[in-house]
Amino acid sequence: MNAAVSTGGRRGLWLFFGLLVVFLYAPIVILIVFSFNDRSFVSFPWEGFTLRWYRQFLQNSSLLSALRTSAFVAVVTAGATVALAIPAAIVLVRRRFFAKGLVSGLLLAPLVIPLVVFGISLLILFNTLGIPLSPLTIVVGHVVIALPFAVLTLVPRLERIPVWLEEASRDLGANAVTTFRWITLPLLAPAVVSSFLISFVISFDEIVIASFIAGDEPTFPLYLFSQLRLPRQLPQVIAVAVVVMIVSAVVVIASEVGRRMADRRLERQIAAVERVGVE
Amino acid sequence: MDPAIDAAASGEARRARSRRRLATLGLASAPVGYLALFFLIPVLMVAAYSVGMLTLLPQDDYLSLQPWRDLLFGSIYLDVFWRSVWMALVVSVVSVVLAYPVAYFLALVAGLRKYTLLLVIIAPFLTSYLLRVLALRVILQEDGVVNSFLRTVGILGPDEAVGWLFNSRFAVYLVLAYVWVPFVALPIFVSLESLDHALLEASNDLGASRWRTFWTITFPLSLPGVIAAFIFVFIPTIGEYVTPLLVGGPGNFMFGNAIQGAFLQGLDWQFGSAMSMFLVFAVVVLIVLFGRYLNVRTVTE
């Protein structure tokens, strides 16, 4: 007898799970279906299949330039975030020092700051310093909120890399930089890729901070937001939303699956090396 | 041993230690410095702004507690704050109630498929937040998918719409629960998965019903996950502003909308700063009270 659930309970839970999946996916499916409806409003009745909205968005220059701005902001954000997250993860995993609790608290604090508050904080900062708002000021904010996610992606992987690999490299005469370049970084690479992609997706989707410090080049979420008041634009906004949503889902899921596979491979390799060591 | 060699070795070790300490400092300085400059200092500037130690607009008062007095004594914004607290509470409870059975199912019933099924639940959370809110807006709004469907089949007249579906409290709850459920399932799943099955079997062998086993063993042991999930939804929801703006209408604006309005429309930055710091204090109080349950690792792994 299963102590966790009865047969009836098992069926009930399967049903509940199924219903929740429907609840989570139905709006996305509806959005995708209606992006092909040949009608100027995103609504019933169904008036036939069309690719018109997709063609229109490919010709909409302000939409495309918003996408370009977002892509630029997200790439720079992801690069800078990873560059800051790698030393942060090394310090958290490999070093012991007196202010460690404080440092890890600071690194994770952006997870709980209300984004509205952080947005106005940056608005006040840039105004005080007299820095004009631009895509780069958005990058400054996005790096802060992406950093904890990047660090939390790197830390578990770094913990799985045995310290003795790095120690062996040092004993054989390599300095810290060489050891990092040839031992740690290659083993950390899958998590580096994941944290880059996660930072990219966070930045690409972010609207609250961007709405305060965007200047006059809107990012894609800001553009989308501004178009919601114009019903005529809605079908092509929906079409591009579908494309963006699917691309970001594929990227994130692929990186997640890739990370899991790389973790398993690492464990197998370490186990093999340790077996040889014992013999 | 030759004392000279001993001394040389310990000197070498000391130098290595201090080199290592220097390297730690160097590694930590970049991320810590960045966050100090672009996270801590800006938030402190908001605190300074709220009491007029820093002014940028001509209408700002130098060194004044007036914004705080306005906020704390009889302003409608305090009501908006408490309304947001209530709404965040409802959203957190609904999300947990929806996610708990699914996490239970995945951790204790689904068997080998659990990680795949978990990914099915979490995947929507990994796509765009804004686009999912947009999808629901398109479905719920006056000429949206639901209303136009009901008109097409004749349940509603040509210009009728279901009132509570859009620009309503219900819509805000629905959208926020929709957004958070996948995320909430995760920490609950992790706490249930680490549960020792022997405990459940022991309880069963001793004659407890499944229901009793659940309430006396399973649920209490999963509480850390539940509380973590609850806090992780509650905190961002109090300061929410996109969802109320897109599907709630002015009558259901939350504290985030009030702050945003003070900055981008009302141009009362001092009052907006006071509201912001008030929100930050509220979050800090929550973290102090419940911080020990917030094992952030459970959320990312």
# chains A, B, ... in the order shown; residues from 1 in each chain; ligands from 1
$ residues_around --residues "Leu78 (chain B)" --least-positions-apart "3" --cutoff "12 Å" --atoms "only C-alpha atoms" --output "count of residues only"
21
$ residues_around --residues "Phe183 (chain B)" --least-positions-apart "5" --cutoff "12 Å" --atoms "only C-alpha atoms" --output "ChimeraX atom specification"
/A:24 /B:92,95-96,98-100,102-103,118-127,129,176-178,188-190,225-226,228-233,298-300
$ write_last_selection --atoms "C-alpha atoms" --output "short mmCIF file (atom, residue, chain, number, x, y, z; two decimals), in the first residue's frame"
data_model
loop_
_atom_site.label_atom_id
_atom_site.label_comp_id
_atom_site.auth_asym_id
_atom_site.auth_seq_id
_atom_site.Cartn_x
_atom_site.Cartn_y
_atom_site.Cartn_z
CA LEU A 24 -0.97 27.26 -17.99
CA SER B 92 0.06 34.05 -2.68
CA SER B 95 -0.87 30.22 -6.02
CA VAL B 96 0.18 27.94 -3.17
CA LEU B 98 -2.99 25.51 -6.83
CA ALA B 99 0.67 24.53 -6.81
CA TYR B 100 0.72 22.31 -3.73
CA VAL B 102 0.85 19.48 -8.29
CA ALA B 103 4.11 19.53 -6.33
CA LEU B 118 8.19 19.37 -13.59
CA LEU B 119 9.80 20.97 -16.63
CA VAL B 120 6.36 21.00 -18.32
CA ILE B 121 4.99 23.00 -15.37
CA ILE B 122 7.97 25.35 -15.07
CA ALA B 123 8.53 26.04 -18.77
CA PRO B 124 5.89 28.81 -18.98
CA PHE B 125 7.63 30.64 -16.15
CA LEU B 126 10.80 30.69 -18.20
CA THR B 127 9.15 32.50 -21.08
CA TYR B 129 6.26 37.44 -18.04
CA LEU B 176 -0.96 37.01 -11.08
CA ALA B 177 -1.83 33.46 -10.00
CA TYR B 178 -1.31 32.37 -13.60
CA ILE B 188 7.29 23.01 -2.58
CA PHE B 189 8.40 20.21 -4.89
CA VAL B 190 11.95 20.39 -3.53
CA GLY B 225 9.03 25.14 0.98
CA VAL B 226 5.52 26.54 1.32
CA ALA B 228 9.56 30.21 0.86
CA ALA B 229 7.15 30.04 -2.07
CA PHE B 230 4.70 32.29 -0.27
CA ILE B 231 7.30 34.98 0.44
CA PHE B 232 8.75 34.83 -3.06
CA VAL B 233 5.30 35.59 -4.46
CA THR B 298 15.67 25.49 -3.88
CA VAL B 299 14.49 27.94 -6.48
CA THR B 300 17.31 27.57 -8.94
#
$ atom_distance --atom1 "CA of Gly215 (chain A)" --atom2 "CA of Ser134 (chain A)"
5.0 Å
$ closest_residue --among "A:Leu125, A:Leu266, A:Val82, A:Leu51" --to "Glu159 (chain A)" --atoms "only C-alpha atoms"
A:Leu266
$ residues_around --residues "region 99-111 of chain A" --least-positions-apart "6" --cutoff "12 Å" --atoms "only C-alpha atoms" --output "PDB file with C-alpha atoms, in the first residue's frame"
ATOM      1  CA  THR A  81      26.542  39.861 -15.789  1.00  0.00           C
ATOM      2  CA  LEU A  84      30.747  39.747 -12.673  1.00  0.00           C
ATOM      3  CA  ALA A  85      29.078  36.480 -11.677  1.00  0.00           C
ATOM      4  CA  PRO A  87      34.391  35.931  -9.692  1.00  0.00           C
ATOM      5  CA  ALA A  88      31.408  36.226  -7.343  1.00  0.00           C
ATOM      6  CA  ALA A  89      30.711  32.488  -7.569  1.00  0.00           C
ATOM      7  CA  ILE A  90      34.394  31.616  -7.065  1.00  0.00           C
ATOM      8  CA  VAL A  91      34.553  33.785  -3.959  1.00  0.00           C
ATOM      9  CA  LEU A  92      31.370  32.243  -2.551  1.00  0.00           C
ATOM     10  CA  VAL A  93      32.346  28.629  -3.226  1.00  0.00           C
ATOM     11  CA  VAL A 117      11.706  50.996  -6.311  1.00  0.00           C
ATOM     12  CA  PHE A 118      14.905  49.966  -8.068  1.00  0.00           C
ATOM     13  CA  GLY A 119      13.764  51.671 -11.264  1.00  0.00           C
ATOM     14  CA  GLY A 141      19.995  48.214 -14.145  1.00  0.00           C
ATOM     15  CA  HIS A 142      19.501  44.863 -15.824  1.00  0.00           C
ATOM     16  CA  VAL A 143      22.943  43.623 -14.761  1.00  0.00           C
ATOM     17  CA  VAL A 144      21.943  44.209 -11.119  1.00  0.00           C
ATOM     18  CA  ILE A 145      18.769  42.130 -11.315  1.00  0.00           C
ATOM     19  CA  ALA A 146      20.288  39.390 -13.509  1.00  0.00           C
ATOM     20  CA  LEU A 147      23.371  38.984 -11.298  1.00  0.00           C
ATOM     21  CA  PRO A 148      21.781  36.860  -8.525  1.00  0.00           C
ATOM     22  CA  PHE A 149      20.303  34.474 -11.084  1.00  0.00           C
ATOM     23  CA  ALA A 150      23.660  34.117 -12.843  1.00  0.00           C
ATOM     24  CA  VAL A 151      25.487  33.552  -9.543  1.00  0.00           C
ATOM     25  CA  LEU A 152      22.920  30.969  -8.429  1.00  0.00           C
ATOM     26  CA  VAL A 155      27.477  28.157  -7.716  1.00  0.00           C
TER      27      VAL A 155
ATOM     28  CA  THR B  24      39.926  36.998  -2.744  1.00  0.00           C
ATOM     29  CA  LEU B  25      39.634  40.745  -2.289  1.00  0.00           C
ATOM     30  CA  LEU B  27      37.751  38.724  -7.055  1.00  0.00           C
ATOM     31  CA  ALA B  28      35.075  40.046  -4.717  1.00  0.00           C
ATOM     32  CA  SER B  29      35.721  43.701  -5.481  1.00  0.00           C
ATOM     33  CA  ALA B  30      34.215  43.708  -8.989  1.00  0.00           C
ATOM     34  CA  PRO B  31      30.732  42.289  -8.213  1.00  0.00           C
ATOM     35  CA  VAL B  32      30.551  43.895  -4.755  1.00  0.00           C
ATOM     36  CA  GLY B  33      31.737  47.240  -6.089  1.00  0.00           C
ATOM     37  CA  TYR B  34      29.224  47.093  -8.915  1.00  0.00           C
ATOM     38  CA  LEU B  35      26.316  46.369  -6.581  1.00  0.00           C
ATOM     39  CA  ALA B  36      27.459  49.030  -4.117  1.00  0.00           C
ATOM     40  CA  LEU B  37      27.589  51.619  -6.880  1.00  0.00           C
ATOM     41  CA  PHE B  38      24.462  50.749  -8.843  1.00  0.00           C
ATOM     42  CA  PHE B  39      22.276  49.086  -6.231  1.00  0.00           C
ATOM     43  CA  LEU B  40      23.047  50.163  -2.649  1.00  0.00           C
ATOM     44  CA  VAL B  43      18.505  52.933  -2.928  1.00  0.00           C
ATOM     45  CA  ILE B 231       7.301  34.985   0.442  1.00  0.00           C
ATOM     46  CA  PHE B 232       8.754  34.827  -3.056  1.00  0.00           C
ATOM     47  CA  VAL B 233       5.302  35.594  -4.457  1.00  0.00           C
ATOM     48  CA  ILE B 235       7.191  40.392  -2.022  1.00  0.00           C
ATOM     49  CA  PRO B 236       7.123  41.177  -5.749  1.00  0.00           C
ATOM     50  CA  VAL B 280      11.433  48.662   1.144  1.00  0.00           C
ATOM     51  CA  VAL B 283      10.026  43.964   2.501  1.00  0.00           C
ATOM     52  CA  VAL B 284      12.876  44.130   5.028  1.00  0.00           C
ATOM     53  CA  ILE B 287      12.760  39.110   5.214  1.00  0.00           C
ATOM     54  CA  GLY B 291      14.400  34.962   5.983  1.00  0.00           C
ATOM     55  CA  LEU B 294      14.276  31.512   2.097  1.00  0.00           C
ATOM     56  CA  ASN B 295      16.707  28.916   0.875  1.00  0.00           C
ATOM     57  CA  VAL B 296      17.172  30.453  -2.542  1.00  0.00           C
ATOM     58  CA  ARG B 297      18.966  27.357  -3.760  1.00  0.00           C
ATOM     59  CA  VAL B 299      14.490  27.936  -6.482  1.00  0.00           C
TER      60      VAL B 299
END
$ decode --residues "region 104-243 of chain A" --atoms "C-alpha atoms" --output "mmCIF file, in the first residue's frame"
data_model
loop_
_atom_site.group_PDB
_atom_site.id
_atom_site.type_symbol
_atom_site.label_atom_id
_atom_site.label_comp_id
_atom_site.auth_asym_id
_atom_site.auth_seq_id
_atom_site.Cartn_x
_atom_site.Cartn_y
_atom_site.Cartn_z
ATOM 1 C CA SER A 104 26.343 36.688 -0.351
ATOM 2 C CA GLY A 105 23.489 38.730 1.156
ATOM 3 C CA LEU A 106 24.399 41.675 -1.048
ATOM 4 C CA LEU A 107 24.644 39.467 -4.152
ATOM 5 C CA LEU A 108 21.168 38.055 -3.539
ATOM 6 C CA ALA A 109 19.478 41.255 -2.348
ATOM 7 C CA PRO A 110 18.383 42.312 -5.866
ATOM 8 C CA LEU A 111 16.078 39.256 -5.838
ATOM 9 C CA VAL A 112 13.798 40.916 -3.297
ATOM 10 C CA ILE A 113 13.978 44.618 -4.138
ATOM 11 C CA PRO A 114 10.656 45.725 -5.658
ATOM 12 C CA LEU A 115 11.516 46.540 -9.264
ATOM 13 C CA VAL A 116 9.532 49.787 -9.179
ATOM 14 C CA VAL A 117 11.706 50.996 -6.311
ATOM 15 C CA PHE A 118 14.905 49.966 -8.068
ATOM 16 C CA GLY A 119 13.764 51.671 -11.264
ATOM 17 C CA ILE A 120 13.202 55.010 -9.538
ATOM 18 C CA SER A 121 16.481 54.589 -7.610
ATOM 19 C CA LEU A 122 18.351 54.471 -10.907
ATOM 20 C CA LEU A 123 16.286 57.357 -12.256
ATOM 21 C CA ILE A 124 17.388 59.455 -9.275
ATOM 22 C CA LEU A 125 20.998 58.254 -9.581
ATOM 23 C CA PHE A 126 21.317 59.096 -13.270
ATOM 24 C CA ASN A 127 19.553 62.418 -12.811
ATOM 25 C CA THR A 128 21.853 63.370 -9.937
ATOM 26 C CA LEU A 129 24.960 62.424 -11.907
ATOM 27 C CA GLY A 130 23.622 64.084 -15.049
ATOM 28 C CA ILE A 131 23.976 60.918 -17.118
ATOM 29 C CA PRO A 132 21.595 60.963 -20.104
ATOM 30 C CA LEU A 133 19.221 57.992 -20.342
ATOM 31 C CA SER A 134 20.021 55.501 -23.099
ATOM 32 C CA PRO A 135 20.059 51.744 -23.755
ATOM 33 C CA LEU A 136 23.280 51.616 -21.729
ATOM 34 C CA THR A 137 21.591 52.993 -18.620
ATOM 35 C CA ILE A 138 19.084 50.145 -18.969
ATOM 36 C CA VAL A 139 22.006 47.714 -19.119
ATOM 37 C CA VAL A 140 23.307 49.095 -15.803
ATOM 38 C CA GLY A 141 19.995 48.214 -14.145
ATOM 39 C CA HIS A 142 19.501 44.863 -15.824
ATOM 40 C CA VAL A 143 22.943 43.623 -14.761
ATOM 41 C CA VAL A 144 21.943 44.209 -11.119
ATOM 42 C CA ILE A 145 18.769 42.130 -11.315
ATOM 43 C CA ALA A 146 20.288 39.390 -13.509
ATOM 44 C CA LEU A 147 23.371 38.984 -11.298
ATOM 45 C CA PRO A 148 21.781 36.860 -8.525
ATOM 46 C CA PHE A 149 20.303 34.474 -11.084
ATOM 47 C CA ALA A 150 23.660 34.117 -12.843
ATOM 48 C CA VAL A 151 25.487 33.552 -9.543
ATOM 49 C CA LEU A 152 22.920 30.969 -8.429
ATOM 50 C CA THR A 153 23.383 29.133 -11.730
ATOM 51 C CA LEU A 154 27.183 29.048 -11.412
ATOM 52 C CA VAL A 155 27.477 28.157 -7.716
ATOM 53 C CA PRO A 156 26.030 24.595 -7.806
ATOM 54 C CA ARG A 157 28.183 23.652 -10.791
ATOM 55 C CA LEU A 158 31.315 25.081 -9.186
ATOM 56 C CA GLU A 159 30.542 23.117 -6.027
ATOM 57 C CA ARG A 160 30.517 19.913 -8.073
ATOM 58 C CA ILE A 161 33.962 20.560 -9.564
ATOM 59 C CA PRO A 162 36.377 18.868 -7.138
ATOM 60 C CA VAL A 163 38.901 21.194 -5.517
ATOM 61 C CA TRP A 164 41.620 18.560 -5.945
ATOM 62 C CA LEU A 165 41.590 19.100 -9.703
ATOM 63 C CA GLU A 166 42.603 22.724 -9.134
ATOM 64 C CA GLU A 167 45.068 21.734 -6.404
ATOM 65 C CA ALA A 168 46.692 19.169 -8.682
ATOM 66 C CA SER A 169 47.130 21.855 -11.325
ATOM 67 C CA ARG A 170 48.735 24.209 -8.764
ATOM 68 C CA ASP A 171 51.017 21.424 -7.490
ATOM 69 C CA LEU A 172 52.195 20.836 -11.042
ATOM 70 C CA GLY A 173 53.310 24.458 -11.164
ATOM 71 C CA ALA A 174 50.436 26.261 -12.879
ATOM 72 C CA ASN A 175 49.524 29.672 -11.455
ATOM 73 C CA ALA A 176 45.990 30.690 -10.499
ATOM 74 C CA VAL A 177 45.171 32.228 -13.878
ATOM 75 C CA THR A 178 46.419 29.217 -15.852
ATOM 76 C CA THR A 179 44.548 26.855 -13.549
ATOM 77 C CA PHE A 180 41.354 28.845 -14.016
ATOM 78 C CA ARG A 181 41.791 29.036 -17.775
ATOM 79 C CA TRP A 182 42.572 25.342 -18.359
ATOM 80 C CA ILE A 183 40.864 23.506 -15.498
ATOM 81 C CA THR A 184 38.036 25.477 -13.887
ATOM 82 C CA LEU A 185 36.634 27.404 -16.837
ATOM 83 C CA PRO A 186 36.245 24.418 -19.213
ATOM 84 C CA LEU A 187 34.439 22.472 -16.485
ATOM 85 C CA LEU A 188 32.328 25.495 -15.578
ATOM 86 C CA ALA A 189 31.482 26.269 -19.219
ATOM 87 C CA PRO A 190 27.966 24.715 -19.321
ATOM 88 C CA ALA A 191 26.887 26.823 -16.338
ATOM 89 C CA VAL A 192 28.497 29.895 -17.889
ATOM 90 C CA VAL A 193 26.403 29.375 -21.017
ATOM 91 C CA SER A 194 23.248 28.858 -18.920
ATOM 92 C CA SER A 195 23.835 31.972 -16.857
ATOM 93 C CA PHE A 196 24.467 33.984 -20.027
ATOM 94 C CA LEU A 197 21.173 32.801 -21.526
ATOM 95 C CA ILE A 198 19.205 33.329 -18.316
ATOM 96 C CA SER A 199 20.583 36.867 -18.012
ATOM 97 C CA PHE A 200 19.741 37.483 -21.655
ATOM 98 C CA VAL A 201 16.133 36.345 -21.227
ATOM 99 C CA ILE A 202 15.666 38.335 -17.992
ATOM 100 C CA SER A 203 16.909 41.493 -19.680
ATOM 101 C CA PHE A 204 14.969 40.947 -22.898
ATOM 102 C CA ASP A 205 11.690 40.639 -20.976
ATOM 103 C CA GLU A 206 12.235 43.364 -18.377
ATOM 104 C CA ILE A 207 9.877 46.327 -18.507
ATOM 105 C CA VAL A 208 9.568 47.888 -15.055
ATOM 106 C CA ILE A 209 13.113 49.207 -14.693
ATOM 107 C CA ALA A 210 13.295 50.039 -18.382
ATOM 108 C CA SER A 211 10.110 52.131 -18.148
ATOM 109 C CA PHE A 212 11.894 54.593 -15.818
ATOM 110 C CA ILE A 213 15.313 54.828 -17.458
ATOM 111 C CA ALA A 214 14.805 54.074 -21.140
ATOM 112 C CA GLY A 215 15.384 57.456 -22.710
ATOM 113 C CA ASP A 216 13.925 57.758 -26.199
ATOM 114 C CA GLU A 217 14.920 54.367 -27.614
ATOM 115 C CA PRO A 218 12.241 51.945 -26.411
ATOM 116 C CA THR A 219 13.074 48.317 -25.771
ATOM 117 C CA PHE A 220 10.775 45.647 -27.183
ATOM 118 C CA PRO A 221 8.648 45.304 -23.989
ATOM 119 C CA LEU A 222 8.227 49.085 -23.828
ATOM 120 C CA TYR A 223 7.237 49.236 -27.489
ATOM 121 C CA LEU A 224 4.765 46.411 -26.960
ATOM 122 C CA PHE A 225 3.317 48.191 -23.949
ATOM 123 C CA SER A 226 2.854 51.410 -25.883
ATOM 124 C CA GLN A 227 1.064 49.572 -28.710
ATOM 125 C CA LEU A 228 -1.528 47.967 -26.465
ATOM 126 C CA ARG A 229 -3.629 51.122 -26.536
ATOM 127 C CA LEU A 230 -3.877 50.985 -30.331
ATOM 128 C CA PRO A 231 -6.212 48.108 -31.281
ATOM 129 C CA ARG A 232 -5.199 48.343 -34.930
ATOM 130 C CA GLN A 233 -1.608 47.380 -34.117
ATOM 131 C CA LEU A 234 -2.587 44.498 -31.864
ATOM 132 C CA PRO A 235 -2.577 41.579 -34.372
ATOM 133 C CA GLN A 236 1.009 42.183 -35.440
ATOM 134 C CA VAL A 237 2.070 42.777 -31.849
ATOM 135 C CA ILE A 238 0.556 39.383 -31.068
ATOM 136 C CA ALA A 239 2.427 37.811 -33.986
ATOM 137 C CA VAL A 240 5.780 39.100 -32.810
ATOM 138 C CA ALA A 241 4.885 38.145 -29.237
ATOM 139 C CA VAL A 242 4.366 34.569 -30.384
ATOM 140 C CA VAL A 243 7.750 34.492 -32.099
#
